[in-house]
>>> print(open('my_file_29.pdb').read())   # PDB, C-alpha atoms
ATOM      1  CA  GLN C   1     112.187  54.793 106.231  1.00  0.00           C
ATOM      2  CA  VAL C   2     109.667  57.487 105.372  1.00  0.00           C
ATOM      3  CA  GLN C   3     106.080  56.949 104.327  1.00  0.00           C
ATOM      4  CA  LEU C   4     104.200  59.669 102.493  1.00  0.00           C
ATOM      5  CA  VAL C   5     100.433  59.907 102.128  1.00  0.00           C
ATOM      6  CA  GLU C   6      98.858  62.544  99.903  1.00  0.00           C
ATOM      7  CA  SER C   7      95.349  63.908 100.198  1.00  0.00           C
ATOM      8  CA  GLY C   8      93.270  66.796  98.951  1.00  0.00           C
ATOM      9  CA  GLY C   9      92.927  65.940  95.309  1.00  0.00           C
ATOM     10  CA  GLY C  10      89.624  66.230  93.508  1.00  0.00           C
ATOM     11  CA  LEU C  11      87.655  67.920  90.779  1.00  0.00           C
ATOM     12  CA  VAL C  12      87.838  71.681  90.407  1.00  0.00           C
ATOM     13  CA  GLN C  13      86.787  74.131  87.736  1.00  0.00           C
ATOM     14  CA  ALA C  14      89.366  76.021  85.747  1.00  0.00           C
ATOM     15  CA  GLY C  15      90.371  79.122  87.663  1.00  0.00           C
ATOM     16  CA  GLY C  16      89.666  77.475  90.970  1.00  0.00           C
ATOM     17  CA  SER C  17      91.912  76.491  93.846  1.00  0.00           C
ATOM     18  CA  LEU C  18      92.855  73.318  95.626  1.00  0.00           C
ATOM     19  CA  ARG C  19      95.216  72.459  98.456  1.00  0.00           C
ATOM     20  CA  LEU C  20      97.089  69.197  98.543  1.00  0.00           C
ATOM     21  CA  SER C  21      98.558  67.793 101.717  1.00  0.00           C
ATOM     22  CA  CYS C  22     101.205  65.173 102.254  1.00  0.00           C
ATOM     23  CA  ALA C  23     101.598  63.615 105.667  1.00  0.00           C
ATOM     24  CA  ALA C  24     104.916  61.971 106.394  1.00  0.00           C
ATOM     25  CA  SER C  25     106.094  59.503 108.952  1.00  0.00           C
ATOM     26  CA  GLY C  26     109.650  59.484 110.176  1.00  0.00           C
ATOM     27  CA  ARG C  27     111.633  61.216 112.835  1.00  0.00           C
ATOM     28  CA  THR C  28     113.920  63.111 110.469  1.00  0.00           C
ATOM     29  CA  PHE C  29     111.196  64.700 108.370  1.00  0.00           C
ATOM     30  CA  SER C  30     112.434  68.203 109.099  1.00  0.00           C
ATOM     31  CA  ALA C  31     115.809  67.408 107.539  1.00  0.00           C
ATOM     32  CA  TYR C  32     114.437  66.365 104.143  1.00  0.00           C
ATOM     33  CA  THR C  33     113.784  68.328 101.018  1.00  0.00           C
ATOM     34  CA  LEU C  34     110.166  67.784 100.032  1.00  0.00           C
ATOM     35  CA  GLY C  35     108.835  67.997  96.544  1.00  0.00           C
ATOM     36  CA  TRP C  36     105.691  67.695  94.479  1.00  0.00           C
ATOM     37  CA  PHE C  37     105.642  66.078  91.065  1.00  0.00           C
ATOM     38  CA  ARG C  38     102.777  65.375  88.711  1.00  0.00           C
ATOM     39  CA  GLN C  39     102.040  62.963  85.936  1.00  0.00           C
ATOM     40  CA  ALA C  40      99.361  63.364  83.315  1.00  0.00           C
ATOM     41  CA  PRO C  41      98.205  60.414  81.178  1.00  0.00           C
ATOM     42  CA  GLY C  42     100.751  59.561  78.525  1.00  0.00           C
ATOM     43  CA  LYS C  43     103.321  61.986  79.894  1.00  0.00           C
ATOM     44  CA  GLU C  44     106.447  61.780  81.998  1.00  0.00           C
ATOM     45  CA  ARG C  45     106.310  62.593  85.664  1.00  0.00           C
ATOM     46  CA  GLU C  46     107.417  66.188  86.009  1.00  0.00           C
ATOM     47  CA  PHE C  47     108.685  68.397  88.769  1.00  0.00           C
ATOM     48  CA  VAL C  48     106.252  70.935  90.204  1.00  0.00           C
ATOM     49  CA  ALA C  49     107.729  72.431  93.364  1.00  0.00           C
ATOM     50  CA  ALA C  50     110.165  71.763  96.193  1.00  0.00           C
ATOM     51  CA  ILE C  51     110.938  73.134  99.601  1.00  0.00           C
ATOM     52  CA  LYS C  52     114.221  72.695 101.403  1.00  0.00           C
ATOM     53  CA  TRP C  53     114.607  71.389 104.909  1.00  0.00           C
ATOM     54  CA  SER C  54     114.980  74.848 106.353  1.00  0.00           C
ATOM     55  CA  ALA C  55     111.718  75.912 104.663  1.00  0.00           C
ATOM     56  CA  GLY C  56     113.508  79.070 103.593  1.00  0.00           C
ATOM     57  CA  ASN C  57     114.164  77.887 100.059  1.00  0.00           C
ATOM     58  CA  THR C  58     111.408  77.056  97.618  1.00  0.00           C
ATOM     59  CA  TYR C  59     111.604  76.318  93.928  1.00  0.00           C
ATOM     60  CA  TYR C  60     108.924  76.036  91.270  1.00  0.00           C
ATOM     61  CA  ALA C  61     108.556  74.839  87.749  1.00  0.00           C
ATOM     62  CA  ASP C  62     107.999  77.699  85.334  1.00  0.00           C
ATOM     63  CA  SER C  63     104.551  76.356  84.493  1.00  0.00           C
ATOM     64  CA  VAL C  64     103.273  76.865  88.044  1.00  0.00           C
ATOM     65  CA  GLN C  65     105.353  79.815  89.229  1.00  0.00           C
ATOM     66  CA  GLY C  66     103.089  82.476  90.684  1.00  0.00           C
ATOM     67  CA  ARG C  67     100.084  80.145  90.912  1.00  0.00           C
ATOM     68  CA  PHE C  68     101.239  77.366  93.246  1.00  0.00           C
ATOM     69  CA  THR C  69     102.740  77.687  96.703  1.00  0.00           C
ATOM     70  CA  ILE C  70     104.592  74.964  98.549  1.00  0.00           C
ATOM     71  CA  SER C  71     104.909  75.075 102.308  1.00  0.00           C
ATOM     72  CA  ARG C  72     105.694  72.753 105.152  1.00  0.00           C
ATOM     73  CA  ASP C  73     104.855  72.364 108.811  1.00  0.00           C
ATOM     74  CA  ASN C  74     107.576  70.356 110.474  1.00  0.00           C
ATOM     75  CA  THR C  75     105.581  70.138 113.706  1.00  0.00           C
ATOM     76  CA  LYS C  76     102.900  68.242 111.807  1.00  0.00           C
ATOM     77  CA  ASN C  77     105.227  66.391 109.450  1.00  0.00           C
ATOM     78  CA  THR C  78     103.197  67.751 106.581  1.00  0.00           C
ATOM     79  CA  VAL C  79     103.942  69.473 103.313  1.00  0.00           C
ATOM     80  CA  TYR C  80     101.303  71.393 101.381  1.00  0.00           C
ATOM     81  CA  LEU C  81     100.780  72.490  97.822  1.00  0.00           C
ATOM     82  CA  GLN C  82      98.347  75.365  97.467  1.00  0.00           C
ATOM     83  CA  MET C  83      97.203  75.562  93.866  1.00  0.00           C
ATOM     84  CA  ALA C  84      95.398  78.582  92.488  1.00  0.00           C
ATOM     85  CA  SER C  85      94.217  79.706  89.060  1.00  0.00           C
ATOM     86  CA  LEU C  86      94.107  76.091  87.988  1.00  0.00           C
ATOM     87  CA  LYS C  87      94.166  75.283  84.313  1.00  0.00           C
ATOM     88  CA  PRO C  88      93.037  72.136  82.497  1.00  0.00           C
ATOM     89  CA  GLU C  89      96.691  71.370  81.788  1.00  0.00           C
ATOM     90  CA  ASP C  90      97.307  71.134  85.548  1.00  0.00           C
ATOM     91  CA  ALA C  91      95.202  67.984  85.670  1.00  0.00           C
ATOM     92  CA  ALA C  92      97.348  65.037  86.697  1.00  0.00           C
ATOM     93  CA  VAL C  93      98.151  62.654  89.488  1.00  0.00           C
ATOM     94  CA  TYR C  94     100.185  64.625  92.002  1.00  0.00           C
ATOM     95  CA  TYR C  95     102.915  62.899  93.959  1.00  0.00           C
ATOM     96  CA  CYS C  96     104.678  63.949  97.100  1.00  0.00           C
ATOM     97  CA  ALA C  97     108.349  63.016  97.409  1.00  0.00           C
ATOM     98  CA  ALA C  98     111.132  63.303  99.959  1.00  0.00           C
ATOM     99  CA  ASP C  99     114.859  63.647  99.397  1.00  0.00           C
ATOM    100  CA  ARG C 100     116.977  62.718 102.408  1.00  0.00           C
ATOM    101  CA  THR C 101     120.073  64.525 101.145  1.00  0.00           C
ATOM    102  CA  ARG C 102     120.702  67.598 103.215  1.00  0.00           C
ATOM    103  CA  TYR C 103     121.751  70.188 100.678  1.00  0.00           C
ATOM    104  CA  ILE C 104     123.829  73.143 101.675  1.00  0.00           C
ATOM    105  CA  GLY C 105     123.479  76.339  99.699  1.00  0.00           C
ATOM    106  CA  THR C 106     120.864  77.176  97.105  1.00  0.00           C
ATOM    107  CA  TYR C 107     120.726  73.923  95.150  1.00  0.00           C
ATOM    108  CA  THR C 108     117.245  72.385  95.086  1.00  0.00           C
ATOM    109  CA  PRO C 109     116.614  68.920  93.660  1.00  0.00           C
ATOM    110  CA  THR C 110     114.187  68.758  90.753  1.00  0.00           C
ATOM    111  CA  ARG C 111     114.930  65.380  89.175  1.00  0.00           C
ATOM    112  CA  ARG C 112     112.892  62.304  89.970  1.00  0.00           C
ATOM    113  CA  ASP C 113     115.995  60.247  90.676  1.00  0.00           C
ATOM    114  CA  GLU C 114     117.070  62.655  93.408  1.00  0.00           C
ATOM    115  CA  TYR C 115     114.094  61.768  95.566  1.00  0.00           C
ATOM    116  CA  ASP C 116     114.199  58.720  97.797  1.00  0.00           C
ATOM    117  CA  TYR C 117     110.619  58.315  98.963  1.00  0.00           C
ATOM    118  CA  TRP C 118     107.300  58.682  97.167  1.00  0.00           C
ATOM    119  CA  GLY C 119     103.644  58.784  98.035  1.00  0.00           C
ATOM    120  CA  GLN C 120     100.946  56.927  96.167  1.00  0.00           C
ATOM    121  CA  GLY C 121      99.586  60.033  94.446  1.00  0.00           C
ATOM    122  CA  THR C 122      96.352  61.987  94.461  1.00  0.00           C
ATOM    123  CA  GLN C 123      94.282  62.816  91.395  1.00  0.00           C
ATOM    124  CA  VAL C 124      93.600  66.410  90.423  1.00  0.00           C
ATOM    125  CA  THR C 125      91.036  66.990  87.698  1.00  0.00           C
ATOM    126  CA  VAL C 126      90.406  70.438  86.247  1.00  0.00           C
ATOM    127  CA  SER C 127      87.282  70.999  84.198  1.00  0.00           C
ATOM    128  CA  SER C 128      87.220  73.685  81.532  1.00  0.00           C
TER     129      SER C 128
END
>>> encode(input="my_file_29.pdb", output="structure tokens")
Amino acid sequence: QVQLVESGGGLVQAGGSLRLSCAASGRTFSAYTLGWFRQAPGKEREFVAAIKWSAGNTYYADSVQGRFTISRDNTKNTVYLQMASLKPEDAAVYYCAADRTRYIGTYTPTRRDEYDYWGQGTQVTVSS
């Protein structure tokens, strides 16, 4: 069992930056693919970014490519999402998720149903 706890959300002006953190429990953290999703009011939860267990492979949604950076520190059991050049449309509840499947090759999970564990979410608000 893995428990995920997000932090770092808050209010930021458009163009600003914010870093989200997700602390995980569990001895096999380093073997999981970790992802960030977000959900705005009235919208479906959507994929934002993911990082494979080896930390060598990252994948981003087109909407955040070049602005967001996902990283992980397996020694701290923590995954981060550095967000820059924030836009009002980035406002949402951001969720951390973990996929226990150990993928070989370049495939990176981006669907909600591929992830086994979820955090409770952290709110990001972007003012224009």
>>> resolve_selection(input="my_file_29.pdb", expression="the PyMOL selection byres ((chain C and resi 85) around 8)", output="PyMOL selection string")
chain C and resi 14-17+67+83-84+86-87
>>> residues_around(input="my_file_29.pdb", residues="segment 41-57 of chain C", least_positions_apart="6", cutoff="8 Å", atoms="all atoms listed in the file", output="list in words")
Ser30, Ala31, Tyr32, Thr33, Leu34, Gly35, Val64, Thr69, Ile70, Ser71, Arg72, Ala92, Arg102, Tyr103, Thr106, Thr108, Pro109, Thr110, Arg111 and Arg112 of chain C
>>> atom_distance(input="my_file_29.pdb", atom1="atom CA of Gln13 of chain C", atom2="atom CA of Gln65 of chain C")
19.5 Å
>>> closest_residue(input="my_file_29.pdb", among="C:Tyr95, C:Ile104, C:Tyr115, C:Asp90", to="Val12 of chain C", atoms="only C-alpha atoms")
C:Asp90
>>> atom_distance(input="my_file_29.pdb", atom1="atom CA of Cys22 of chain C", atom2="atom CA of Ala91 of chain C")
17.9 Å
>>> residues_around(input="my_file_29.pdb", residues="Ser7 of chain C", least_positions_apart="5", cutoff="12 Å", atoms="all atoms listed in the file", output="list in words")
Leu18, Arg19, Leu20, Ser21, Cys22, Ala23, Ala24, Thr78, Val79, Tyr80, Leu81, Val93, Tyr94, Tyr95, Cys96, Gly119, Gln120, Gly121, Thr122, Gln123 and Val124 of chain C
>>> closest_residue(input="my_file_29.pdb", among="C:Arg38, C:Gly10, C:Thr101, C:Tyr117", to="Glu89 of chain C", atoms="only C-alpha atoms")
C:Arg38
>>> atom_distance(input="my_file_29.pdb", atom1="atom CA of Leu4 of chain C", atom2="atom CA of Pro88 of chain C")
26.1 Å
